[in-house]
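Undergrad: Take a look at the following structure, please.
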Amino acid sequence: CPSSMLGNLLLLLGNGISAPSPQSSVIVAEVLYILAVLTNYSETFTEDVLKQDICALLRQMVLAMDFARAGPSMPQTNSSVLRILATVASMLPAVQLTETGCECEVKRAALFCEKPSYLDTMAEAFVPSLLDIYEASVDPNVRSLCVTLLL
């Protein structure tokens, strides 16, 4: 994926955060979906995204949702937080259960072993919020993703 495309996606994401509107929320949701798909299938793209400090943008979005005031059952909030959490999950190595235990996706795990600062940045950005999101949400999908990310 060319870096100019990533730059444009992050620009759209940043614009949607700084000037929220019904139109920008649709664009932000689509950008998050694109980022989640591309990071899920490409370690190189994931590294490029992490170099651009996507965690700061996503954390800013989570903090702007203010779960205490917005209420846990607002469909727009649940949809947005689900997209954000799915994007975060797509950057992490997949873990699969096998007969002998758990196996971690080798290539993605290698990325985080080579650059542990990426994992530290993700943890600092999201671990403090995951429990709050879990407690505030009534959506089982959001709650399940919070538990998955905490593990």
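The chains in the structure tokens are called A, B, ... from first to last as shown; in each chain the residues are counted from 1, and the ligands are counted from 1 in the order shown.
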DSSP on the backbone: what in region 24-141 of chain A comes out strand (DSSP E), as a PyMOL selection string?

TA: chain A and resi 95-98+101-104

Undergrad: Need to verify the contact set: Leu11 (chain A), 12 Å, only C-alpha atoms, exclusion of same-chain residues closer than 5 positions in sequence. Can you return it as a list in words?

TA: Ser4, Met5, Leu6, Gly16, Ile17, Ser18, Ala19, Ser24, Ile27, Val28, Val31, Gln52, Ile54 and Leu57 of chain A

Undergrad: Write the residues you've just listed into a file as a short mmCIF file (atom, residue, chain, number, x, y, z; two decimals), in the first residue's frame, and include all heavy atoms for each of them.

TA:
```cif
data_model
loop_
_atom_site.label_atom_id
_atom_site.label_comp_id
_atom_site.auth_asym_id
_atom_site.auth_seq_id
_atom_site.Cartn_x
_atom_site.Cartn_y
_atom_site.Cartn_z
N SER A 4 1.30 7.31 0.36
CA SER A 4 0.38 8.43 0.11
C SER A 4 -1.05 8.02 0.42
O SER A 4 -1.84 8.83 0.93
CB SER A 4 0.49 8.93 -1.33
OG SER A 4 0.15 7.90 -2.24
N MET A 5 -1.40 6.75 0.13
CA MET A 5 -2.75 6.28 0.44
C MET A 5 -2.94 6.25 1.96
O MET A 5 -3.97 6.68 2.46
CB MET A 5 -3.01 4.91 -0.14
CG MET A 5 -4.44 4.45 0.09
SD MET A 5 -4.75 2.85 -0.63
CE MET A 5 -4.98 1.89 0.83
N LEU A 6 -1.95 5.76 2.69
CA LEU A 6 -2.03 5.74 4.13
C LEU A 6 -2.16 7.16 4.67
O LEU A 6 -2.98 7.43 5.54
CB LEU A 6 -0.82 5.05 4.74
CG LEU A 6 -0.73 5.07 6.26
CD1 LEU A 6 -1.97 4.42 6.89
CD2 LEU A 6 0.54 4.38 6.74
N GLY A 16 -12.20 13.76 10.40
CA GLY A 16 -13.45 13.30 11.01
C GLY A 16 -13.46 13.48 12.51
O GLY A 16 -14.50 13.72 13.11
N ILE A 17 -12.29 13.38 13.13
CA ILE A 17 -12.19 13.57 14.58
C ILE A 17 -12.30 15.05 14.93
O ILE A 17 -13.00 15.42 15.85
CB ILE A 17 -10.85 13.01 15.10
CG1 ILE A 17 -10.81 11.50 14.93
CG2 ILE A 17 -10.62 13.38 16.56
CD1 ILE A 17 -9.44 10.89 15.14
N SER A 18 -11.62 15.90 14.16
CA SER A 18 -11.59 17.33 14.49
C SER A 18 -12.88 18.06 14.12
O SER A 18 -13.19 19.08 14.73
CB SER A 18 -10.40 18.00 13.82
OG SER A 18 -10.51 17.92 12.42
N ALA A 19 -13.62 17.56 13.15
CA ALA A 19 -14.87 18.22 12.74
C ALA A 19 -15.96 17.17 12.59
O ALA A 19 -16.37 16.82 11.48
CB ALA A 19 -14.65 18.97 11.43
N SER A 24 -19.04 12.97 8.25
CA SER A 24 -17.69 12.56 8.63
C SER A 24 -17.70 11.26 9.44
O SER A 24 -16.76 10.48 9.36
CB SER A 24 -16.97 13.67 9.40
OG SER A 24 -17.55 13.88 10.67
N ILE A 27 -17.57 8.51 6.97
CA ILE A 27 -16.22 8.43 6.39
C ILE A 27 -15.26 7.80 7.38
O ILE A 27 -14.47 6.92 7.02
CB ILE A 27 -15.74 9.82 5.94
CG1 ILE A 27 -16.58 10.30 4.76
CG2 ILE A 27 -14.25 9.81 5.60
CD1 ILE A 27 -16.38 11.75 4.38
N VAL A 28 -15.33 8.21 8.65
CA VAL A 28 -14.45 7.66 9.68
C VAL A 28 -14.68 6.15 9.82
O VAL A 28 -13.73 5.37 9.90
CB VAL A 28 -14.65 8.38 11.03
CG1 VAL A 28 -14.01 7.61 12.18
CG2 VAL A 28 -14.07 9.79 10.96
N VAL A 31 -13.06 4.46 6.87
CA VAL A 31 -11.59 4.49 6.98
C VAL A 31 -11.12 3.46 8.00
O VAL A 31 -10.16 2.74 7.76
CB VAL A 31 -11.10 5.91 7.34
CG1 VAL A 31 -9.63 5.90 7.75
CG2 VAL A 31 -11.31 6.86 6.18
N GLN A 52 2.91 5.81 12.05
CA GLN A 52 2.17 7.07 11.93
C GLN A 52 1.40 7.42 13.21
O GLN A 52 0.64 8.36 13.24
CB GLN A 52 1.19 6.99 10.76
CG GLN A 52 1.85 6.82 9.42
CD GLN A 52 2.72 8.00 9.06
OE1 GLN A 52 2.37 9.14 9.30
NE2 GLN A 52 3.89 7.73 8.49
N ILE A 54 -1.07 5.81 14.86
CA ILE A 54 -2.51 5.60 14.78
C ILE A 54 -3.13 5.49 16.16
O ILE A 54 -4.28 5.87 16.37
CB ILE A 54 -2.83 4.36 13.92
CG1 ILE A 54 -4.34 4.22 13.67
CG2 ILE A 54 -2.33 3.09 14.59
CD1 ILE A 54 -4.90 5.19 12.70
N LEU A 57 -4.55 8.75 17.47
CA LEU A 57 -5.82 9.12 16.83
C LEU A 57 -6.98 8.28 17.37
O LEU A 57 -8.05 8.81 17.69
CB LEU A 57 -5.73 8.95 15.32
CG LEU A 57 -4.99 10.01 14.53
CD1 LEU A 57 -4.85 9.59 13.08
CD2 LEU A 57 -5.68 11.34 14.63
#
```

Undergrad: If I take CA of Asn15 (chain A) and CA of Met91 (chain A), how far is one from the other in Å, to one decimal?

TA: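 Here the two named atoms are 22.2 Å from each other.
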
Undergrad: May I ask for the distance between CA of Pro116 (chain A) and CA of Asn40 (chain A), given in Å to one decimal place?

TA: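 These atoms are spaced 18.5 Å apart.
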
Undergrad: If you count only C-alpha atoms, which residues fall within 9 Å of Leu32 (chain A), apart from same-chain ones fewer than 3 positions away, as a compact mmCIF listing (two decimals) with N, CA, C and O atoms, in the first residue's frame?

TA:
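File written: out.txt
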```
# COMPACT_ATOMS: atom_id res chain seq x y z
N LEU A 9 -5.69 8.30 4.15
CA LEU A 9 -6.61 7.66 5.08
C LEU A 9 -6.51 8.30 6.47
O LEU A 9 -7.53 8.58 7.11
N LEU A 13 -9.28 10.42 8.61
CA LEU A 13 -9.57 10.06 9.99
C LEU A 13 -9.41 11.27 10.91
O LEU A 13 -10.30 11.55 11.73
N ILE A 27 -17.57 8.51 6.97
CA ILE A 27 -16.22 8.43 6.39
C ILE A 27 -15.26 7.80 7.38
O ILE A 27 -14.47 6.92 7.02
N VAL A 28 -15.33 8.21 8.65
CA VAL A 28 -14.45 7.66 9.68
C VAL A 28 -14.68 6.15 9.82
O VAL A 28 -13.73 5.37 9.90
N ALA A 29 -15.94 5.73 9.82
CA ALA A 29 -16.24 4.31 9.93
C ALA A 29 -15.65 3.53 8.76
O ALA A 29 -15.09 2.44 8.95
N LEU A 35 -8.62 0.39 7.22
CA LEU A 35 -7.40 0.19 8.00
C LEU A 35 -7.39 -1.19 8.67
O LEU A 35 -6.35 -1.86 8.68
N ALA A 36 -8.52 -1.60 9.21
CA ALA A 36 -8.59 -2.91 9.87
C ALA A 36 -8.32 -4.04 8.89
O ALA A 36 -7.58 -4.98 9.19
N VAL A 37 -8.90 -3.96 7.72
CA VAL A 37 -8.70 -5.01 6.72
C VAL A 37 -7.25 -5.06 6.26
O VAL A 37 -6.62 -6.12 6.22
N ARG A 83 -15.73 -0.42 15.76
CA ARG A 83 -14.79 -0.22 14.65
C ARG A 83 -13.39 0.11 15.16
O ARG A 83 -12.40 -0.38 14.64
N ILE A 84 -13.31 0.94 16.19
CA ILE A 84 -12.01 1.31 16.76
C ILE A 84 -11.33 0.08 17.36
O ILE A 84 -10.16 -0.19 17.08
N ALA A 86 -11.89 -3.05 16.72
CA ALA A 86 -11.57 -4.01 15.65
C ALA A 86 -10.29 -3.59 14.93
O ALA A 86 -9.46 -4.43 14.56
N THR A 87 -10.09 -2.29 14.75
CA THR A 87 -8.88 -1.79 14.12
C THR A 87 -7.67 -2.10 15.00
O THR A 87 -6.63 -2.56 14.50
```

Undergrad: Tell me which of A:Leu150, A:Leu12, A:Leu92, A:Lys51 sits closest to Cys104 (chain A), counting only C-alpha atoms.

TA: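 Residue with the minimum atom-to-atom distance to Cys104 (chain A): A:Leu92.
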
Undergrad: Considering only C-alpha atoms, can you say which of A:Val95, A:Tyr118, A:Val81, A:Ala109 comes closest to Ser137 (chain A)?

TA: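 Smallest distance to Ser137 (chain A) is found for A:Val81.
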
Undergrad: Glu124 (chain A): which residues within 12 Å, counting only C-alpha atoms, same-chain residues fewer than 6 positions away excluded, as a list in words?

TA: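 Here the qualifying residues turn out to be Cys55, Ala56, Arg59, Ser117, Tyr118 and Leu130 of chain A.
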
Undergrad: Store the residues of this selection in a file with N, CA, C and O atoms, as a compact mmCIF listing (two decimals), in the first residue's frame.

TA:
```txt
# COMPACT_ATOMS: atom_id res chain seq x y z
N CYS A 55 -2.36 5.01 17.12
CA CYS A 55 -2.88 4.82 18.48
C CYS A 55 -3.36 6.14 19.08
O CYS A 55 -4.38 6.17 19.76
N ALA A 56 -2.63 7.21 18.83
CA ALA A 56 -3.03 8.52 19.36
C ALA A 56 -4.37 8.95 18.77
O ALA A 56 -5.25 9.45 19.49
N ARG A 59 -7.15 6.63 20.20
CA ARG A 59 -7.40 6.96 21.61
C ARG A 59 -8.19 8.25 21.73
O ARG A 59 -9.10 8.37 22.53
N SER A 117 8.28 -1.23 21.28
CA SER A 117 7.69 0.08 21.56
C SER A 117 6.29 0.20 20.95
O SER A 117 5.44 0.92 21.48
N TYR A 118 6.04 -0.51 19.85
CA TYR A 118 4.70 -0.49 19.26
C TYR A 118 3.67 -1.07 20.22
O TYR A 118 2.58 -0.52 20.40
N LEU A 130 -10.10 0.19 28.19
CA LEU A 130 -10.84 -1.03 27.87
C LEU A 130 -11.82 -1.44 28.96
O LEU A 130 -12.94 -1.85 28.68
```

Undergrad: Which value, in Å to one decimal, gives the distance between CA of Ala136 (chain A) and CA of Met65 (chain A)?

TA: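 Going from CA of Ala136 (chain A) over to CA of Met65 (chain A) covers 11.1 Å.
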
Undergrad: Rank A:Leu63, A:Leu82, A:Ala89, A:Leu58 by their smallest atom-to-atom distance to Asp139 (chain A), using only C-alpha atoms, and report the top residue only.

TA: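 Under the stated criterion, the closest residue is A:Leu82.
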
Undergrad: Would you mind telling me which residue in A:Thr46, A:Ser79, A:Thr98, A:Thr148 lies nearest to Leu119 (chain A) when using only C-alpha atoms?

TA: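 Closest to Leu119 (chain A), using only C-alpha atoms: A:Thr46.
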
Undergrad: Fewer than 2 positions away in the same chain doesn't count, so skip those; otherwise give me all residues within 9 Å of region 132-134 of chain A, counting only C-alpha atoms, as a ChimeraX atom specification.

TA: /A:62,67-68,72,81,128-130,136-139,142-147

Undergrad: For Asp120 (chain A), which of A:Tyr33, A:Val106, A:Leu50, A:Ser90 is the closest residue, counting only C-alpha atoms?

TA: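 Looking only at the distances to Asp120 (chain A), the closest residue turns out to be A:Leu50.
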
Undergrad: Given the choices A:Pro140, A:Phe45, A:Gly14, A:Asp53, which gets closest to Asn78 (chain A) if the distance is worked out from only C-alpha atoms?

TA: A:Pro140

Undergrad: Could you list, as a list in words, every residue within 10 Å of Glu103 (chain A), counting only C-alpha atoms and ignoring same-chain residues fewer than 6 positions away?

TA: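 My list of contacting residues is Pro93, Ala94, Val95, Gln96 and Leu97 of chain A.
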